[in-house]
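Below is input.txt, which holds compact mmCIF, C-alpha atoms.
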# COMPACT_ATOMS: atom_id res chain seq x y z
CA MET A 259 113.46 128.67 105.81
CA ASN A 260 110.91 125.89 105.49
CA LYS A 261 111.39 122.18 105.73
CA LEU A 262 109.47 119.24 104.30
CA PHE A 263 106.73 118.17 106.70
CA GLY A 264 105.31 115.29 104.70
CA ILE A 265 104.07 113.93 101.39
CA GLY A 266 100.86 112.10 100.61
CA ASN A 267 98.99 110.74 97.64
CA ASP A 268 95.69 109.05 96.97
CA ILE A 269 93.86 107.46 94.09
CA VAL A 270 90.15 106.82 93.91
CA LYS A 271 87.82 105.29 91.37
CA ILE A 272 85.47 108.00 90.13
CA SER A 273 82.49 105.64 89.99
CA ARG A 274 82.72 105.14 93.77
CA LEU A 275 81.85 108.80 94.35
CA GLU A 276 78.97 108.48 91.93
CA ALA A 277 77.67 105.35 93.69
CA SER A 278 77.88 106.96 97.13
CA PHE A 279 76.11 110.08 95.90
CA LYS A 280 73.37 108.05 94.25
CA ARG A 281 72.88 106.06 97.46
CA HIS A 282 72.83 108.94 99.92
CA GLY A 283 72.64 112.23 97.99
CA ASP A 284 73.43 115.40 99.92
CA LYS A 285 74.00 113.51 103.17
CA PHE A 286 77.03 111.91 101.61
CA LEU A 287 78.26 115.18 100.11
CA LYS A 288 78.04 116.99 103.43
CA ARG A 289 80.09 114.31 105.11
CA ALA A 290 83.20 115.20 103.13
CA PHE A 291 82.74 118.39 101.16
CA ASN A 292 81.99 121.98 102.07
CA ASP A 293 79.23 124.15 100.66
CA VAL A 294 81.42 125.78 97.99
CA GLU A 295 82.58 122.41 96.67
CA ILE A 296 79.05 121.04 96.74
CA SER A 297 77.75 124.05 94.79
CA ILE A 298 80.44 123.62 92.15
CA PHE A 299 79.74 119.89 91.90
CA LYS A 300 76.03 120.52 91.42
CA SER A 301 76.63 123.13 88.77
CA LEU A 302 78.57 120.46 86.90
CA ASN A 303 75.66 118.02 87.18
CA PRO A 304 72.67 119.40 85.34
CA THR A 305 70.60 116.21 85.70
CA PRO A 306 67.29 117.32 87.28
CA SER A 307 67.08 114.39 89.69
CA ILE A 308 70.32 115.28 91.37
CA THR A 309 70.23 119.04 91.06
CA GLU A 310 66.87 119.38 92.74
CA GLY A 311 66.90 122.22 95.23
CA ILE A 312 70.28 123.42 94.11
CA ASN A 313 71.34 126.91 94.87
CA GLU A 314 72.97 127.74 91.57
CA ASN A 315 76.34 129.26 92.14
CA SER A 316 78.20 131.09 89.43
CA ASN A 317 81.54 130.45 91.06
CA SER A 318 84.55 131.19 88.88
CA ASP A 319 86.23 128.04 90.16
CA ILE A 320 83.93 125.90 88.07
CA ASN A 321 86.15 125.97 85.03
CA ASN A 322 89.06 124.03 86.33
CA GLU A 323 91.21 121.03 85.48
CA ASN A 324 91.10 119.54 82.01
CA ASN A 325 87.70 118.63 80.75
CA ASN A 326 87.46 116.55 77.63
CA ASN A 327 84.03 115.23 78.45
CA ASN A 328 81.75 117.92 77.15
CA ASN A 329 79.26 115.28 76.08
CA ASN A 330 79.02 113.91 79.56
CA SER A 331 78.82 116.69 82.13
CA ASN A 332 77.51 114.26 84.74
CA LYS A 333 80.81 112.48 84.64
CA ARG A 334 82.61 115.80 85.00
CA GLY A 335 80.88 116.39 88.32
CA PHE A 336 81.98 113.05 89.73
CA GLU A 337 85.51 113.59 88.42
CA TYR A 338 85.45 116.84 90.33
CA LEU A 339 84.30 115.13 93.54
CA ALA A 340 86.79 112.28 93.17
CA GLY A 341 89.64 114.75 92.64
CA ARG A 342 88.64 116.61 95.81
CA TRP A 343 88.33 113.42 97.81
CA ALA A 344 91.76 112.23 96.65
CA ALA A 345 93.24 115.64 97.52
CA LYS A 346 91.81 115.61 101.03
CA GLU A 347 92.99 112.05 101.62
CA SER A 348 96.44 113.04 100.35
CA ILE A 349 96.59 115.84 102.89
CA TYR A 350 95.54 113.44 105.65
CA LYS A 351 98.32 111.06 104.64
CA ALA A 352 100.87 113.85 104.32
CA ILE A 353 100.15 114.92 107.89
CA GLY A 354 101.05 111.40 108.95
CA ASN A 355 97.72 109.69 109.59
CA GLN A 356 97.08 111.71 112.72
CA ASP A 357 93.70 111.94 114.38
CA ARG A 358 91.26 112.22 111.48
CA SER A 359 88.66 113.92 113.66
CA LYS A 360 90.95 116.95 113.98
CA LEU A 361 91.17 117.31 110.24
CA ASN A 362 87.52 117.50 109.22
CA PHE A 363 87.40 117.21 105.44
CA GLN A 364 84.64 119.81 105.18
CA ASN A 365 87.11 122.39 106.44
CA ILE A 366 89.61 121.64 103.70
CA GLN A 367 88.45 123.54 100.63
CA ILE A 368 90.12 122.50 97.41
CA LEU A 369 89.62 125.40 95.02
CA ASN A 370 91.13 126.46 91.72
CA GLU A 371 92.90 129.53 90.52
CA PRO A 372 91.58 131.05 87.25
CA ASN A 373 94.20 129.10 85.30
CA GLY A 374 92.92 125.83 86.82
CA ARG A 375 95.71 125.27 89.30
CA PRO A 376 94.28 123.78 92.50
CA TYR A 377 95.00 125.27 95.91
CA VAL A 378 93.92 124.58 99.46
CA ASN A 379 91.90 126.99 101.57
CA LEU A 380 91.65 125.84 105.17
CA LEU A 381 88.67 126.78 107.31
CA GLU A 382 88.61 126.92 111.09
CA PRO A 383 89.26 125.00 113.29
CA THR A 384 91.35 122.95 110.83
CA GLN A 385 93.40 126.03 109.94
CA THR A 386 94.45 126.42 113.59
CA TYR A 387 95.28 122.71 113.77
CA PHE A 388 97.64 123.09 110.79
CA LYS A 389 99.25 126.11 112.44
CA GLU A 390 99.78 124.09 115.61
CA LEU A 391 101.55 121.46 113.54
CA GLY A 392 103.70 124.21 112.03
CA ILE A 393 102.43 123.62 108.49
CA ASN A 394 102.58 126.84 106.52
CA LYS A 395 102.52 125.73 102.89
CA ILE A 396 100.53 123.11 100.99
CA HIS A 397 101.46 122.05 97.45
CA ILE A 398 98.78 120.09 95.67
CA ALA A 399 98.20 118.47 92.28
CA ILE A 400 95.10 116.68 91.02
CA SER A 401 94.64 114.64 87.89
CA HIS A 402 92.14 112.21 86.46
CA ASP A 403 91.85 109.92 83.49
CA THR A 404 88.76 107.94 82.50
CA ASP A 405 88.01 105.94 85.65
CA TYR A 406 90.38 107.29 88.28
CA ALA A 407 91.32 110.51 90.04
CA ILE A 408 94.68 110.96 91.73
CA SER A 409 96.23 113.61 93.91
CA ASN A 410 99.66 114.40 95.31
CA VAL A 411 100.40 116.69 98.24
CA ILE A 412 103.55 118.14 99.76
CA LEU A 413 103.40 119.93 103.10
CA GLU A 414 106.02 122.40 104.29
CA SER A 415 106.48 123.57 107.87
CA ASN A 416 108.41 126.14 109.84
CA GLU A 417 111.87 124.86 110.53
CA LEU A 418 111.58 125.56 114.25
CA LYS A 419 108.36 123.63 114.81
CA LYS A 420 108.40 119.98 115.79
CA ASN A 421 106.34 117.55 113.66
CA MET B 519 76.81 126.24 168.69
CA ILE B 520 77.54 126.65 165.05
CA ARG B 521 78.73 123.06 164.89
CA ASN B 522 75.52 121.87 166.57
CA THR B 523 73.38 123.88 164.20
CA PHE B 524 75.24 122.44 161.24
CA LYS B 525 74.75 118.92 162.61
CA LEU B 526 71.05 119.56 162.96
CA VAL B 527 70.73 120.89 159.45
CA SER B 528 72.73 117.95 158.07
CA ASN B 529 70.49 115.48 159.83
CA ILE B 530 67.36 117.08 158.52
CA ALA B 531 68.30 118.22 155.04
CA VAL B 532 71.16 116.11 153.80
CA ARG B 533 70.62 112.67 155.16
CA PRO B 534 67.10 111.98 153.91
CA ALA B 535 67.96 113.29 150.45
CA PHE B 536 71.13 111.25 150.37
CA SER B 537 69.47 108.07 151.49
CA SER B 538 66.61 108.39 149.01
CA THR B 539 68.90 108.85 146.01
CA PHE B 540 71.31 106.25 147.19
CA VAL B 541 68.81 103.53 147.97
CA ARG B 542 65.97 103.88 145.50
CA GLN B 543 67.27 105.38 142.28
CA PRO B 544 70.13 103.03 141.41
CA ILE B 545 67.74 100.12 140.96
CA VAL B 546 65.74 101.99 138.31
CA ALA B 547 68.77 103.60 136.70
CA SER B 548 70.81 100.42 136.45
CA SER B 549 67.99 98.43 134.88
CA MET B 550 67.55 101.14 132.24
CA MET B 551 71.24 101.31 131.51
CA MET B 552 71.56 97.57 131.16
CA ARG B 553 68.59 97.08 128.87
CA ASN B 554 67.79 100.18 126.87
CA TYR B 555 69.47 103.15 125.30
CA GLY B 556 66.80 105.58 124.35
CA SER B 557 64.03 103.47 122.87
CA ILE B 558 66.21 100.76 121.33
CA SER B 559 67.76 97.80 123.09
CA GLU B 560 71.47 97.11 122.83
CA LYS B 561 70.76 93.89 120.95
CA GLU B 562 68.62 95.68 118.39
CA ILE B 563 71.29 98.34 117.86
CA THR B 564 73.92 95.62 117.36
CA ASP B 565 71.74 93.62 114.96
CA ARG B 566 70.82 96.65 112.86
CA VAL B 567 74.41 97.93 112.67
CA ILE B 568 75.62 94.51 111.55
CA ASP B 569 72.79 94.40 109.01
CA VAL B 570 73.73 97.82 107.55
CA VAL B 571 77.41 96.90 107.32
CA SER B 572 76.67 93.44 105.88
CA LYS B 573 74.55 94.95 103.12
CA TYR B 574 77.37 97.17 101.90
CA ASP B 575 78.53 95.95 98.47
CA LYS B 576 82.16 95.35 99.38
CA VAL B 577 81.21 93.37 102.47
CA ALA B 578 79.07 90.81 100.65
CA GLY B 579 79.97 87.28 101.72
CA LYS B 580 82.15 88.39 104.63
CA SER B 581 81.43 87.59 108.25
CA VAL B 582 80.53 90.69 110.26
CA GLN B 583 80.67 90.52 114.05
CA PRO B 584 80.10 93.30 116.61
CA THR B 585 83.86 93.51 117.10
CA THR B 586 84.77 93.60 113.40
CA THR B 587 86.72 96.66 112.29
CA PHE B 588 86.10 98.34 108.93
CA LYS B 589 89.74 97.70 108.07
CA GLU B 590 89.26 93.96 108.63
CA LEU B 591 86.46 94.10 106.07
CA GLY B 592 88.78 95.74 103.55
CA LEU B 593 87.00 99.07 103.79
CA ASP B 594 88.76 102.40 103.33
CA SER B 595 87.86 105.92 104.44
CA LEU B 596 85.42 106.46 101.57
CA ASP B 597 83.62 103.21 102.41
CA SER B 598 83.49 104.23 106.07
CA ALA B 599 81.93 107.58 105.17
CA ASP B 600 79.37 105.77 103.02
CA ILE B 601 78.52 103.23 105.73
CA LEU B 602 78.14 105.91 108.41
CA VAL B 603 75.68 107.81 106.24
CA ALA B 604 73.76 104.53 105.85
CA VAL B 605 73.82 104.17 109.65
CA GLU B 606 72.52 107.74 110.01
CA GLU B 607 69.65 106.93 107.67
CA GLU B 608 68.90 103.63 109.40
CA PHE B 609 68.70 105.22 112.87
CA GLY B 610 67.35 108.64 111.83
CA ILE B 611 70.25 110.56 113.36
CA GLU B 612 73.09 112.80 112.24
CA ILE B 613 76.53 111.85 113.49
CA PRO B 614 78.68 114.96 113.99
CA ASP B 615 81.79 114.95 111.81
CA GLU B 616 84.22 114.92 114.72
CA GLU B 617 82.45 111.83 116.10
CA ALA B 618 82.12 110.14 112.71
CA ASP B 619 85.84 110.53 112.08
CA LYS B 620 86.55 108.52 115.24
CA ILE B 621 84.38 105.56 114.24
CA THR B 622 86.37 102.78 112.59
CA SER B 623 84.52 99.61 113.61
CA CYS B 624 81.12 98.07 114.26
CA ALA B 625 81.82 98.24 118.00
CA GLU B 626 82.50 101.98 117.86
CA THR B 627 79.36 102.50 115.78
CA ILE B 628 77.30 100.54 118.32
CA SER B 629 78.93 102.41 121.19
CA TYR B 630 78.07 105.78 119.62
CA LEU B 631 74.46 104.72 119.04
CA ARG B 632 74.15 103.47 122.62
CA LYS B 633 74.84 106.94 123.92
CA THR B 634 72.54 108.60 121.36
CA PRO B 635 69.01 108.70 122.79
CA THR B 636 67.55 110.14 119.58
CA ALA B 637 68.41 106.98 117.62
CA LYS B 638 65.19 105.40 116.37
Please render this file's structure as structure tokens.
Amino acid sequence: MNKLFGIGNDIVKISRLEASFKRHGDKFLKRAFNDVEISIFKSLNPTPSITEGINENSNSDINNENNNNNNNSNKRGFEYLAGRWAAKESIYKAIGNQDRSKLNFQNIQILNEPNGRPYVNLLEPTQTYFKELGINKIHIAISHDTDYAISNVILESNELKKN
Amino acid sequence: MIRNTFKLVSNIAVRPAFSSTFVRQPIVASSMMMRNYGSISEKEITDRVIDVVSKYDKVAGKSVQPTTTFKELGLDSLDSADILVAVEEEFGIEIPDEEADKITSCAETISYLRKTPTAK
């Protein structure tokens, strides 16, 4: 029997991710996203200036979430990043604003099932940190519309573990 | 006998070494610690950190002091990540994620740089 551990949400303006990426490129991406997410983002951004040196990745997670912007695939990439950022922040908030350095956003992979539904894949040592907290299930939703991306997260934990 | 031998050895081997480290080195070490961290002075680190933070779009027109926190400047986690990458570029270093996640103010940024000898 699980119990509710916490809820969190976050909203972010998509253009902020674009501005940060344009200022700092890969250095910014590596600060918050892992290699899989970065590869997917780059595959969504075919502009030569920002795909230079890209290791093209034919990941099946690319086709996710609703995409009504076929005429603007650049925007799709930043929507993708903004959705991931909002999701990671939501998880941080759902944990209860604990020590951010233990969380490490790069170790929180936000991926998609073939039907587009997002899910969280934790990498070590963050996975162990979640186990220590007793968290055994993460529910996540991501959405975006025009300028903003939003995410909601619900964490469940073992009933016997203390928060 | 053993005690006497030990005394003799201590007088010869330990004492001179102890007195040389204790008397001479602190003068050099303390002057380095007070003035320089790697090749950059504390004042220069402080000035350059404040300059990087002040140039960030959202900070325009706000007063930035060495003690100012990012929260006081109205910055969130995304802004902090952006600013720390700018700091990395300014000083030619890479701040490990676990360290970067602990930095939430100009003072903490300066403190990290002070203990980073590779900062340029």
Give as a compact mmCIF listing (two decimals) with C-alpha atoms, in the coordinates of the input every residue of chain A that touches chain B within 7 Å, counting only C-alpha atoms.
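Written out: part.txt:
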# COMPACT_ATOMS: atom_id res chain seq x y z
CA SER A 278 77.88 106.96 97.13
CA LYS A 285 74.00 113.51 103.17
CA PHE A 286 77.03 111.91 101.61
CA ARG A 289 80.09 114.31 105.11
CA ARG A 358 91.26 112.22 111.48
CA SER A 359 88.66 113.92 113.66
CA ASN A 362 87.52 117.50 109.22
>> Report, in Å to a single decimal, how far apart atom CA of Val571 of chain B and atom CA of Ser557 of chain B are.
In response: 21.5 Å
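Between atom CA of Gln367 of chain A and atom CA of Asn379 of chain A there is a distance of 5.0 Å.
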> Which distance in Å separates atom CA of Asn416 of chain A and atom CA of Asp357 of chain A, to one decimal?
Replying inline: 20.9 Å
>> At a cut-off of 8 Å, using all atoms listed in the file, what residues contact Leu591 of chain B? Leave out same-chain residues fewer than 5 positions from it and give the result as a ChimeraX atom specification.
In response: /B:577,580,586
>> For a cutoff of 7 Å around the file-coordinate point (94.0, 122.9, 91.5), which residues qualify once you count all atoms listed in the file? I'd like the result as an MDAnalysis selection string.
In response: chainID A and resid 323 369:371 374:377 398:400
Given the point (86.0, 111.4, 97.3) in the coordinates of this file, which residues lie within 8 Å, counting only C-alpha atoms, and how would they look as a compact mmCIF listing (two decimals) with C-alpha atoms, keeping the file's coordinate frame?
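out_37.txt written:
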# COMPACT_ATOMS: atom_id res chain seq x y z
CA VAL A 270 90.15 106.82 93.91
CA ILE A 272 85.47 108.00 90.13
CA ARG A 274 82.72 105.14 93.77
CA LEU A 275 81.85 108.80 94.35
CA ALA A 290 83.20 115.20 103.13
CA LEU A 339 84.30 115.13 93.54
CA ALA A 340 86.79 112.28 93.17
CA GLY A 341 89.64 114.75 92.64
CA ARG A 342 88.64 116.61 95.81
CA TRP A 343 88.33 113.42 97.81
CA ALA A 344 91.76 112.23 96.65
CA LEU B 596 85.42 106.46 101.57
> Got a sec: who's within 12 Å of Leu631 of chain B, counting only C-alpha atoms, leaving out chain neighbours fewer than 3 positions off, as a PyMOL selection string?
Replying inline: chain B and resi 554-564+566-567+602+605-606+608-613+617-618+621+624-628+634-638
> Leaving out segment 264-269 of chain A and any residue of its chain fewer than 3 positions from it, which residues lie within 7 Å of it when counting all atoms listed in the file, given as a ChimeraX atom specification?
Replying inline: /A:344,347-349,351-353,406-413
